[in-house]
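Q: Before I ask anything, let me first share the structure, which is written out below as structure tokens.
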Amino acid sequence: MNSGRKKASYQLRQGDLIRVPPVFTTENPAVKVPHGVCELIEASTIYESTDLRVLDKPEGIPVHAGTGSSFGCIEAVNQMDGDNVSYLCHRLDKDTSGVLLIAKNKEAMRTYQTYFRESNVQKRYVGLVRGCWSTLASEDLVVSEPLTRYHLENGERRVKVDASGKKSETLIRLLQVSDHVSLLEFQPVTGRTHQIRVHAQYLGHALLGDQKYANDRVANLSPRLMLHASELELPNGLKFQAPLPSEFGQVWKNLTREDLSLPF
């Protein structure tokens, strides 16, 4: 300022001469999604219209680029569609498979995001959990434990049950049970981060393959997180289903020596 430095408290006056130092930035080249990933996303499409694309999202692929991931489902879709830009309507964890909605224009995005924000979407998940489900096994169970976010020392985000947390509600129904593992249906009424995983762990029945919330023994019982977004119903009458992945039946048989009766 006027050929010298000024404190932050200095107030500008008419006629002051301000010098702005040059800023050098490095432009990141556009990330190219591998052809194999695009093929996988294309094969995972279970519904498509002028406004909407619905995926049976594969496990292990994030919904968008972020920490540790240079691309996700939305980047793959946008690369496949060329000039048309698509938008996420909601999110699934990287390790959760199942129904994922992608809007093909901003108007559709706003409509579907409003549905989710106002809790007007019926969502059903299926999960394999540790142990014999005995808590009200013959009835539906409503879990209403509040959840709050926190961070580990390495900065990783986690969620836990906490009385001061946000209201959270999950409906749980038993589908199939054995001495060692149970198949449950989860209906999240609220949409908190990791809600199903934390509520299941809180009840003593952590999801198999859950590297964040299960102990090492339970986490290593499966090669993947055993949580699948199986069904999604919109207030406009549209309803989408994604069949249970074959890994669920394989893990069930490995642990019980019996076949799993798949929900659909």
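Order determines the names: the first chain of the structure tokens is A, the second B, and so forth; residues in each chain are numbered 1 upward, and ligands are numbered 1 upward as they are shown.
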Hey, what's within 8 Å of Val198 of chain A if we count only C-alpha atoms and toss same-chain stuff fewer than 2 positions away? As an MDAnalysis selection string, please?

A: chainID A and resid 159:161 194:196 200:202 206 213

Q: Using the chain letters and numbers from this document, which residues of segment 46-231 of chain A does DSSP assign to strand (DSSP E or B), as a ChimeraX atom specification?

A: /A:46-48,52-57,66,69,87-88,97-103,122-130,141-143,147-151,157-161,166,170-177,181-188,207,227-231

Q: Could you give me, as number ranges by chain, the residues within 12 Å of segment 228-238 of chain A, counting only C-alpha atoms and dropping anything in the same chain fewer than 5 positions from it?

A: A: 47-49, 52, 54-60, 89-101, 111-116, 118-128, 183-188, 196-197, 207-208, 243-248, 262-264

Q: May I have the residues within 10 Å of segment 4-6 of chain A as a PyMOL selection string, using only C-alpha atoms and disregarding those fewer than 4 positions away in the same chain?

A: chain A and resi 10-11+17-19

Q: Just checking: using only C-alpha atoms, which residue out of A:Lys166, A:Arg157, A:Arg130, A:Arg173 ends up closest to Arg217 of chain A?

A: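 Of A:Lys166, A:Arg157, A:Arg130, A:Arg173, the one nearest Arg217 of chain A, counting only C-alpha atoms, is A:Arg130.
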
Q: List every residue of segment 26-82 of chain A that DSSP, applied to the backbone of this structure, assigns to helix (DSSP H, G or I), and report them as an NGL selection string.

A: :A and (35-43 or 73-81)

Q: Would you mind telling me which residue in A:Ala163, A:Met226, A:Ala214, A:Leu147 lies nearest to Thr193 of chain A when using only C-alpha atoms?

A: A:Leu147

Q: For segment 68-83 of chain A, list every protein, DNA or RNA residue within 10 Å, evaluated using only C-alpha atoms, and leave out those in the same chain fewer than 3 positions away; present the list as a ChimeraX atom specification.

A: /A:30-35,37-42,53,55,57-58,60-65,86-88,94,100,102-104
